[in-house]
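Everything below belongs to target28.pdb, which stores PDB, N, CA and C atoms.
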```pdb
ATOM      1  N   MET A 143      98.874  90.173 125.676
ATOM      2  CA  MET A 143      98.679  88.805 126.096
ATOM      3  C   MET A 143      97.369  88.725 126.885
ATOM      4  N   ARG A 144      96.623  87.676 126.626
ATOM      5  CA  ARG A 144      95.344  87.477 127.305
ATOM      6  C   ARG A 144      95.510  86.406 128.378
ATOM      7  N   VAL A 145      95.047  86.674 129.569
ATOM      8  CA  VAL A 145      95.118  85.728 130.677
ATOM      9  C   VAL A 145      93.731  85.127 130.884
ATOM     10  N   VAL A 146      93.659  83.810 130.873
ATOM     11  CA  VAL A 146      92.391  83.112 131.063
ATOM     12  C   VAL A 146      92.496  82.295 132.341
ATOM     13  N   GLY A 147      91.540  82.453 133.222
ATOM     14  CA  GLY A 147      91.531  81.705 134.473
ATOM     15  C   GLY A 147      92.235  82.456 135.581
ATOM     16  N   SER A 148      92.162  81.891 136.770
ATOM     17  CA  SER A 148      92.772  82.559 137.913
ATOM     18  C   SER A 148      93.499  81.569 138.816
ATOM     19  N   ARG A 149      94.036  80.504 138.244
ATOM     20  CA  ARG A 149      94.727  79.501 139.042
ATOM     21  C   ARG A 149      95.997  80.098 139.622
ATOM     22  N   LYS A 150      96.225  79.843 140.886
ATOM     23  CA  LYS A 150      97.425  80.332 141.543
ATOM     24  C   LYS A 150      98.483  79.227 141.518
ATOM     25  N   ILE A 151      99.648  79.557 141.017
ATOM     26  CA  ILE A 151     100.738  78.595 141.016
ATOM     27  C   ILE A 151     101.477  78.743 142.330
ATOM     28  N   ARG A 152     101.489  77.671 143.082
ATOM     29  CA  ARG A 152     102.110  77.721 144.407
ATOM     30  C   ARG A 152     103.581  77.330 144.310
ATOM     31  N   SER A 153     104.383  77.972 145.101
ATOM     32  CA  SER A 153     105.805  77.632 145.137
ATOM     33  C   SER A 153     106.008  76.423 146.039
ATOM     34  N   LEU A 154     107.148  75.778 145.900
ATOM     35  CA  LEU A 154     107.467  74.633 146.743
ATOM     36  C   LEU A 154     107.696  75.101 148.170
ATOM     37  N   GLN A 155     107.194  74.333 149.111
ATOM     38  CA  GLN A 155     107.292  74.689 150.522
ATOM     39  C   GLN A 155     108.155  73.666 151.251
ATOM     40  N   PHE A 156     108.930  74.134 152.202
ATOM     41  CA  PHE A 156     109.716  73.209 153.020
ATOM     42  C   PHE A 156     108.805  72.468 153.990
ATOM     43  N   HIS A 157     107.824  73.192 154.555
ATOM     44  CA  HIS A 157     106.863  72.583 155.474
ATOM     45  C   HIS A 157     105.494  72.636 154.805
ATOM     46  N   ALA A 158     104.952  71.479 154.508
ATOM     47  CA  ALA A 158     103.658  71.426 153.833
ATOM     48  C   ALA A 158     102.533  71.666 154.827
ATOM     49  N   SER A 159     101.493  72.292 154.347
ATOM     50  CA  SER A 159     100.324  72.507 155.200
ATOM     51  C   SER A 159      99.309  71.393 154.945
ATOM     52  N   SER A 160      98.444  71.184 155.908
ATOM     53  CA  SER A 160      97.438  70.129 155.761
ATOM     54  C   SER A 160      96.418  70.491 154.689
ATOM     55  N   ALA A 161      96.147  71.791 154.525
ATOM     56  CA  ALA A 161      95.191  72.209 153.505
ATOM     57  C   ALA A 161      95.708  71.887 152.103
ATOM     58  N   LEU A 162      96.993  72.162 151.869
ATOM     59  CA  LEU A 162      97.571  71.838 150.566
ATOM     60  C   LEU A 162      97.650  70.331 150.347
ATOM     61  N   PHE A 163      97.918  69.581 151.417
ATOM     62  CA  PHE A 163      97.954  68.126 151.307
ATOM     63  C   PHE A 163      96.584  67.582 150.917
ATOM     64  N   LEU A 164      95.536  68.089 151.561
ATOM     65  CA  LEU A 164      94.183  67.648 151.223
ATOM     66  C   LEU A 164      93.821  68.023 149.792
ATOM     67  N   GLU A 165      94.236  69.206 149.363
ATOM     68  CA  GLU A 165      93.982  69.624 147.983
ATOM     69  C   GLU A 165      94.681  68.684 146.997
ATOM     70  N   GLY A 166      95.896  68.280 147.317
ATOM     71  CA  GLY A 166      96.624  67.329 146.474
ATOM     72  C   GLY A 166      95.941  65.971 146.437
ATOM     73  N   CYS A 167      95.413  65.529 147.577
ATOM     74  CA  CYS A 167      94.698  64.250 147.630
ATOM     75  C   CYS A 167      93.433  64.286 146.772
ATOM     76  N   LYS A 168      92.696  65.394 146.847
ATOM     77  CA  LYS A 168      91.490  65.529 146.032
ATOM     78  C   LYS A 168      91.838  65.527 144.545
ATOM     79  N   PHE A 169      92.927  66.223 144.195
ATOM     80  CA  PHE A 169      93.366  66.246 142.806
ATOM     81  C   PHE A 169      93.717  64.835 142.334
ATOM     82  N   ASN A 170      94.421  64.089 143.156
ATOM     83  CA  ASN A 170      94.822  62.728 142.810
ATOM     84  C   ASN A 170      93.601  61.831 142.607
ATOM     85  N   GLU A 171      92.609  61.972 143.474
ATOM     86  CA  GLU A 171      91.385  61.179 143.327
ATOM     87  C   GLU A 171      90.675  61.499 142.018
ATOM     88  N   GLN A 172      90.630  62.776 141.651
ATOM     89  CA  GLN A 172      89.973  63.164 140.406
ATOM     90  C   GLN A 172      90.727  62.638 139.195
ATOM     91  N   ILE A 173      92.046  62.636 139.256
ATOM     92  CA  ILE A 173      92.849  62.105 138.149
ATOM     93  C   ILE A 173      92.554  60.621 137.948
ATOM     94  N   HIS A 174      92.394  59.887 139.044
ATOM     95  CA  HIS A 174      92.116  58.455 138.927
ATOM     96  C   HIS A 174      90.711  58.161 138.432
ATOM     97  N   LYS A 175      89.827  59.153 138.451
ATOM     98  CA  LYS A 175      88.476  58.969 137.932
ATOM     99  C   LYS A 175      88.390  59.206 136.430
ATOM    100  N   LEU A 176      89.463  59.702 135.823
ATOM    101  CA  LEU A 176      89.444  59.917 134.379
ATOM    102  C   LEU A 176      89.306  58.590 133.661
ATOM    103  N   PRO A 177      88.666  58.572 132.511
ATOM    104  CA  PRO A 177      88.435  57.298 131.816
ATOM    105  C   PRO A 177      89.716  56.674 131.285
ATOM    106  N   THR A 178      89.744  55.376 131.336
ATOM    107  CA  THR A 178      90.824  54.616 130.712
ATOM    108  C   THR A 178      90.279  54.024 129.421
ATOM    109  N   GLY A 179      91.049  53.226 128.763
ATOM    110  CA  GLY A 179      90.603  52.617 127.520
ATOM    111  C   GLY A 179      89.399  51.725 127.692
ATOM    112  N   ASP A 180      89.205  51.158 128.901
ATOM    113  CA  ASP A 180      88.075  50.268 129.146
ATOM    114  C   ASP A 180      86.789  51.025 129.449
ATOM    115  N   ASP A 181      86.892  52.279 129.888
ATOM    116  CA  ASP A 181      85.711  53.024 130.289
ATOM    117  C   ASP A 181      85.116  53.869 129.180
ATOM    118  N   THR A 182      85.834  54.047 128.102
ATOM    119  CA  THR A 182      85.319  54.865 127.012
ATOM    120  C   THR A 182      84.793  53.973 125.900
ATOM    121  N   CYS A 183      84.109  54.568 124.983
ATOM    122  CA  CYS A 183      83.533  53.798 123.877
ATOM    123  C   CYS A 183      84.590  53.344 122.885
ATOM    124  N   ILE A 184      85.595  54.159 122.681
ATOM    125  CA  ILE A 184      86.640  53.834 121.713
ATOM    126  C   ILE A 184      87.928  53.554 122.459
ATOM    127  N   LEU A 185      88.539  52.422 122.191
ATOM    128  CA  LEU A 185      89.775  52.062 122.859
ATOM    129  C   LEU A 185      90.901  52.996 122.449
ATOM    130  N   LYS A 186      91.916  53.068 123.306
ATOM    131  CA  LYS A 186      93.054  53.923 123.025
ATOM    132  C   LYS A 186      93.745  53.471 121.757
ATOM    133  N   GLY A 187      94.313  54.411 121.052
ATOM    134  CA  GLY A 187      95.044  54.087 119.845
ATOM    135  C   GLY A 187      94.898  55.193 118.823
ATOM    136  N   VAL A 188      95.556  54.996 117.705
ATOM    137  CA  VAL A 188      95.484  55.965 116.607
ATOM    138  C   VAL A 188      94.639  55.355 115.509
ATOM    139  N   TYR A 189      93.608  56.051 115.122
ATOM    140  CA  TYR A 189      92.719  55.588 114.068
ATOM    141  C   TYR A 189      92.793  56.579 112.913
ATOM    142  N   ARG A 190      92.925  56.058 111.708
ATOM    143  CA  ARG A 190      92.976  56.910 110.521
ATOM    144  C   ARG A 190      91.854  56.479 109.578
ATOM    145  N   PHE A 191      91.099  57.448 109.139
ATOM    146  CA  PHE A 191      89.981  57.187 108.249
ATOM    147  C   PHE A 191      90.121  58.058 107.012
ATOM    148  N   LYS A 192      89.645  57.529 105.889
ATOM    149  CA  LYS A 192      89.717  58.301 104.648
ATOM    150  C   LYS A 192      88.614  59.345 104.573
ATOM    151  N   THR A 193      87.472  59.053 105.198
ATOM    152  CA  THR A 193      86.352  59.993 105.135
ATOM    153  C   THR A 193      85.756  60.171 106.529
ATOM    154  N   HIS A 194      85.002  61.240 106.686
ATOM    155  CA  HIS A 194      84.294  61.469 107.942
ATOM    156  C   HIS A 194      83.214  60.414 108.144
ATOM    157  N   GLU A 195      82.647  59.931 107.067
ATOM    158  CA  GLU A 195      81.611  58.901 107.168
ATOM    159  C   GLU A 195      82.175  57.628 107.793
ATOM    160  N   GLN A 196      83.394  57.234 107.402
ATOM    161  CA  GLN A 196      84.024  56.053 107.990
ATOM    162  C   GLN A 196      84.290  56.267 109.477
ATOM    163  N   ALA A 197      84.743  57.455 109.840
ATOM    164  CA  ALA A 197      84.989  57.758 111.253
ATOM    165  C   ALA A 197      83.685  57.716 112.042
ATOM    166  N   ASN A 198      82.611  58.256 111.474
ATOM    167  CA  ASN A 198      81.314  58.232 112.153
ATOM    168  C   ASN A 198      80.782  56.811 112.297
ATOM    169  N   GLN A 199      80.993  55.969 111.282
ATOM    170  CA  GLN A 199      80.571  54.572 111.372
ATOM    171  C   GLN A 199      81.337  53.855 112.472
ATOM    172  N   HIS A 200      82.633  54.113 112.569
ATOM    173  CA  HIS A 200      83.448  53.489 113.614
ATOM    174  C   HIS A 200      82.975  53.935 114.991
ATOM    175  N   TRP A 201      82.697  55.233 115.152
ATOM    176  CA  TRP A 201      82.195  55.763 116.416
ATOM    177  C   TRP A 201      80.868  55.103 116.786
ATOM    178  N   ASP A 202      79.953  55.012 115.819
ATOM    179  CA  ASP A 202      78.646  54.410 116.079
ATOM    180  C   ASP A 202      78.776  52.945 116.473
ATOM    181  N   LYS A 203      79.661  52.231 115.798
ATOM    182  CA  LYS A 203      79.871  50.809 116.102
ATOM    183  C   LYS A 203      80.419  50.642 117.513
ATOM    184  N   CYS A 204      81.421  51.435 117.877
ATOM    185  CA  CYS A 204      82.012  51.339 119.212
ATOM    186  C   CYS A 204      81.004  51.728 120.289
ATOM    187  N   LEU A 205      80.216  52.755 120.022
ATOM    188  CA  LEU A 205      79.201  53.199 120.984
ATOM    189  C   LEU A 205      78.139  52.119 121.182
ATOM    190  N   ALA A 206      77.698  51.496 120.100
ATOM    191  CA  ALA A 206      76.686  50.441 120.202
ATOM    192  C   ALA A 206      77.234  49.240 120.974
ATOM    193  N   GLU A 207      78.482  48.885 120.728
ATOM    194  CA  GLU A 207      79.080  47.761 121.454
ATOM    195  C   GLU A 207      79.195  48.065 122.942
ATOM    196  N   LYS A 208      79.572  49.290 123.292
ATOM    197  CA  LYS A 208      79.684  49.665 124.699
ATOM    198  C   LYS A 208      78.321  49.671 125.368
ATOM    199  N   MET A 209      77.314  50.187 124.681
ATOM    200  CA  MET A 209      75.962  50.205 125.241
ATOM    201  C   MET A 209      75.459  48.780 125.463
ATOM    202  N   PHE A 210      75.757  47.892 124.516
ATOM    203  CA  PHE A 210      75.316  46.509 124.650
ATOM    204  C   PHE A 210      76.034  45.823 125.812
ATOM    205  N   SER A 211      77.344  46.060 125.956
ATOM    206  CA  SER A 211      78.091  45.421 127.032
ATOM    207  C   SER A 211      77.620  45.927 128.400
ATOM    208  N   ARG A 212      77.282  47.212 128.497
ATOM    209  CA  ARG A 212      76.770  47.740 129.757
ATOM    210  C   ARG A 212      75.383  47.185 130.070
ATOM    211  N   MET A 213      74.573  47.010 129.031
ATOM    212  CA  MET A 213      73.241  46.456 129.222
ATOM    213  C   MET A 213      73.340  45.018 129.739
ATOM    214  N   MET A 214      74.265  44.251 129.178
ATOM    215  CA  MET A 214      74.404  42.852 129.562
ATOM    216  C   MET A 214      75.018  42.713 130.962
ATOM    217  N   SER A 215      75.869  43.679 131.349
ATOM    218  CA  SER A 215      76.502  43.585 132.672
ATOM    219  C   SER A 215      75.621  44.170 133.772
ATOM    220  N   GLY A 216      74.575  44.901 133.397
ATOM    221  CA  GLY A 216      73.646  45.443 134.372
ATOM    222  C   GLY A 216      74.089  46.762 134.975
ATOM    223  N   GLU A 217      74.978  47.488 134.326
ATOM    224  CA  GLU A 217      75.439  48.794 134.863
ATOM    225  C   GLU A 217      74.386  49.849 134.706
TER     226      GLU A 217
END
```
Transcribe the structure of this file into structure tokens.
Amino acid sequence: MRVVGSRKIRSLQFHASSALFLEGCKFNEQIHKLPTGDDTCILKGVYRFKTHEQANQHWDKCLAEKMFSRMMSGE
């Protein structure tokens, strides 16, 4: 078996430490920074294409629309 990474799995504690609490807060903040359907070029959902060309056209269209909307909003 190959082990990748060195993350330590912590056991549940009866008395929490402030360091672990701060680590949990930082983790929570990072999770909330992940993109939602509004922040990415392609909205959430399942897309099925017959060819890679159709998928690439859809990607290009969504990317162009997002770039245009950001340009118009001044981001």
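Computed from the coordinates, the atom CA of A:Phe163 to atom CA of A:Lys150 distance equals 15.6 Å.
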* Asked: Which residues in chain A does DSSP call alpha helix (DSSP H)? List them as number ranges by chain.
  -> A: 160-174, 194-215
Using only N, CA and C atoms, please write the residues we just selected to a file, as a CSV table (one decimal), in the frame of the given file.
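Output below, filename out_38.csv:
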```
chain,number,residue,atom,x,y,z
A,160,SER,N,98.4,71.2,155.9
A,160,SER,CA,97.4,70.1,155.8
A,160,SER,C,96.4,70.5,154.7
A,161,ALA,N,96.1,71.8,154.5
A,161,ALA,CA,95.2,72.2,153.5
A,161,ALA,C,95.7,71.9,152.1
A,162,LEU,N,97.0,72.2,151.9
A,162,LEU,CA,97.6,71.8,150.6
A,162,LEU,C,97.6,70.3,150.3
A,163,PHE,N,97.9,69.6,151.4
A,163,PHE,CA,98.0,68.1,151.3
A,163,PHE,C,96.6,67.6,150.9
A,164,LEU,N,95.5,68.1,151.6
A,164,LEU,CA,94.2,67.6,151.2
A,164,LEU,C,93.8,68.0,149.8
A,165,GLU,N,94.2,69.2,149.4
A,165,GLU,CA,94.0,69.6,148.0
A,165,GLU,C,94.7,68.7,147.0
A,166,GLY,N,95.9,68.3,147.3
A,166,GLY,CA,96.6,67.3,146.5
A,166,GLY,C,95.9,66.0,146.4
A,167,CYS,N,95.4,65.5,147.6
A,167,CYS,CA,94.7,64.2,147.6
A,167,CYS,C,93.4,64.3,146.8
A,168,LYS,N,92.7,65.4,146.8
A,168,LYS,CA,91.5,65.5,146.0
A,168,LYS,C,91.8,65.5,144.5
A,169,PHE,N,92.9,66.2,144.2
A,169,PHE,CA,93.4,66.2,142.8
A,169,PHE,C,93.7,64.8,142.3
A,170,ASN,N,94.4,64.1,143.2
A,170,ASN,CA,94.8,62.7,142.8
A,170,ASN,C,93.6,61.8,142.6
A,171,GLU,N,92.6,62.0,143.5
A,171,GLU,CA,91.4,61.2,143.3
A,171,GLU,C,90.7,61.5,142.0
A,172,GLN,N,90.6,62.8,141.7
A,172,GLN,CA,90.0,63.2,140.4
A,172,GLN,C,90.7,62.6,139.2
A,173,ILE,N,92.0,62.6,139.3
A,173,ILE,CA,92.8,62.1,138.1
A,173,ILE,C,92.6,60.6,137.9
A,174,HIS,N,92.4,59.9,139.0
A,174,HIS,CA,92.1,58.5,138.9
A,174,HIS,C,90.7,58.2,138.4
A,194,HIS,N,85.0,61.2,106.7
A,194,HIS,CA,84.3,61.5,107.9
A,194,HIS,C,83.2,60.4,108.1
A,195,GLU,N,82.6,59.9,107.1
A,195,GLU,CA,81.6,58.9,107.2
A,195,GLU,C,82.2,57.6,107.8
A,196,GLN,N,83.4,57.2,107.4
A,196,GLN,CA,84.0,56.1,108.0
A,196,GLN,C,84.3,56.3,109.5
A,197,ALA,N,84.7,57.5,109.8
A,197,ALA,CA,85.0,57.8,111.3
A,197,ALA,C,83.7,57.7,112.0
A,198,ASN,N,82.6,58.3,111.5
A,198,ASN,CA,81.3,58.2,112.2
A,198,ASN,C,80.8,56.8,112.3
A,199,GLN,N,81.0,56.0,111.3
A,199,GLN,CA,80.6,54.6,111.4
A,199,GLN,C,81.3,53.9,112.5
A,200,HIS,N,82.6,54.1,112.6
A,200,HIS,CA,83.4,53.5,113.6
A,200,HIS,C,83.0,53.9,115.0
A,201,TRP,N,82.7,55.2,115.2
A,201,TRP,CA,82.2,55.8,116.4
A,201,TRP,C,80.9,55.1,116.8
A,202,ASP,N,80.0,55.0,115.8
A,202,ASP,CA,78.6,54.4,116.1
A,202,ASP,C,78.8,52.9,116.5
A,203,LYS,N,79.7,52.2,115.8
A,203,LYS,CA,79.9,50.8,116.1
A,203,LYS,C,80.4,50.6,117.5
A,204,CYS,N,81.4,51.4,117.9
A,204,CYS,CA,82.0,51.3,119.2
A,204,CYS,C,81.0,51.7,120.3
A,205,LEU,N,80.2,52.8,120.0
A,205,LEU,CA,79.2,53.2,121.0
A,205,LEU,C,78.1,52.1,121.2
A,206,ALA,N,77.7,51.5,120.1
A,206,ALA,CA,76.7,50.4,120.2
A,206,ALA,C,77.2,49.2,121.0
A,207,GLU,N,78.5,48.9,120.7
A,207,GLU,CA,79.1,47.8,121.5
A,207,GLU,C,79.2,48.1,122.9
A,208,LYS,N,79.6,49.3,123.3
A,208,LYS,CA,79.7,49.7,124.7
A,208,LYS,C,78.3,49.7,125.4
A,209,MET,N,77.3,50.2,124.7
A,209,MET,CA,76.0,50.2,125.2
A,209,MET,C,75.5,48.8,125.5
A,210,PHE,N,75.8,47.9,124.5
A,210,PHE,CA,75.3,46.5,124.6
A,210,PHE,C,76.0,45.8,125.8
A,211,SER,N,77.3,46.1,126.0
A,211,SER,CA,78.1,45.4,127.0
A,211,SER,C,77.6,45.9,128.4
A,212,ARG,N,77.3,47.2,128.5
A,212,ARG,CA,76.8,47.7,129.8
A,212,ARG,C,75.4,47.2,130.1
A,213,MET,N,74.6,47.0,129.0
A,213,MET,CA,73.2,46.5,129.2
A,213,MET,C,73.3,45.0,129.7
A,214,MET,N,74.3,44.3,129.2
A,214,MET,CA,74.4,42.9,129.6
A,214,MET,C,75.0,42.7,131.0
A,215,SER,N,75.9,43.7,131.3
A,215,SER,CA,76.5,43.6,132.7
A,215,SER,C,75.6,44.2,133.8
```
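Taking atom CA of A:Lys203 and atom CA of A:Ile184 as the two end points, the separation is 9.3 Å.
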All file atoms of stretch 158-165 of chain A boxed axis-aligned, 6 Å per side, centre plus edges, as AutoDock Vina command-line options:
```
--center_x 99.4 --center_y 70.0 --center_z 151.5 --size_x 23.1 --size_y 16.9 --size_z 20.9
```
* Residue with smallest distance to A:Glu207 - pool A:Gly147, A:Cys183, A:Leu164, A:Gln172, counting only N, CA and C atoms ->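 For A:Glu207, the nearest of the candidates is A:Cys183.
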* Between atom N of A:Lys175 and atom N of A:Ala197 - distance in Å to one decimal ->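 The value is 29.1 Å.
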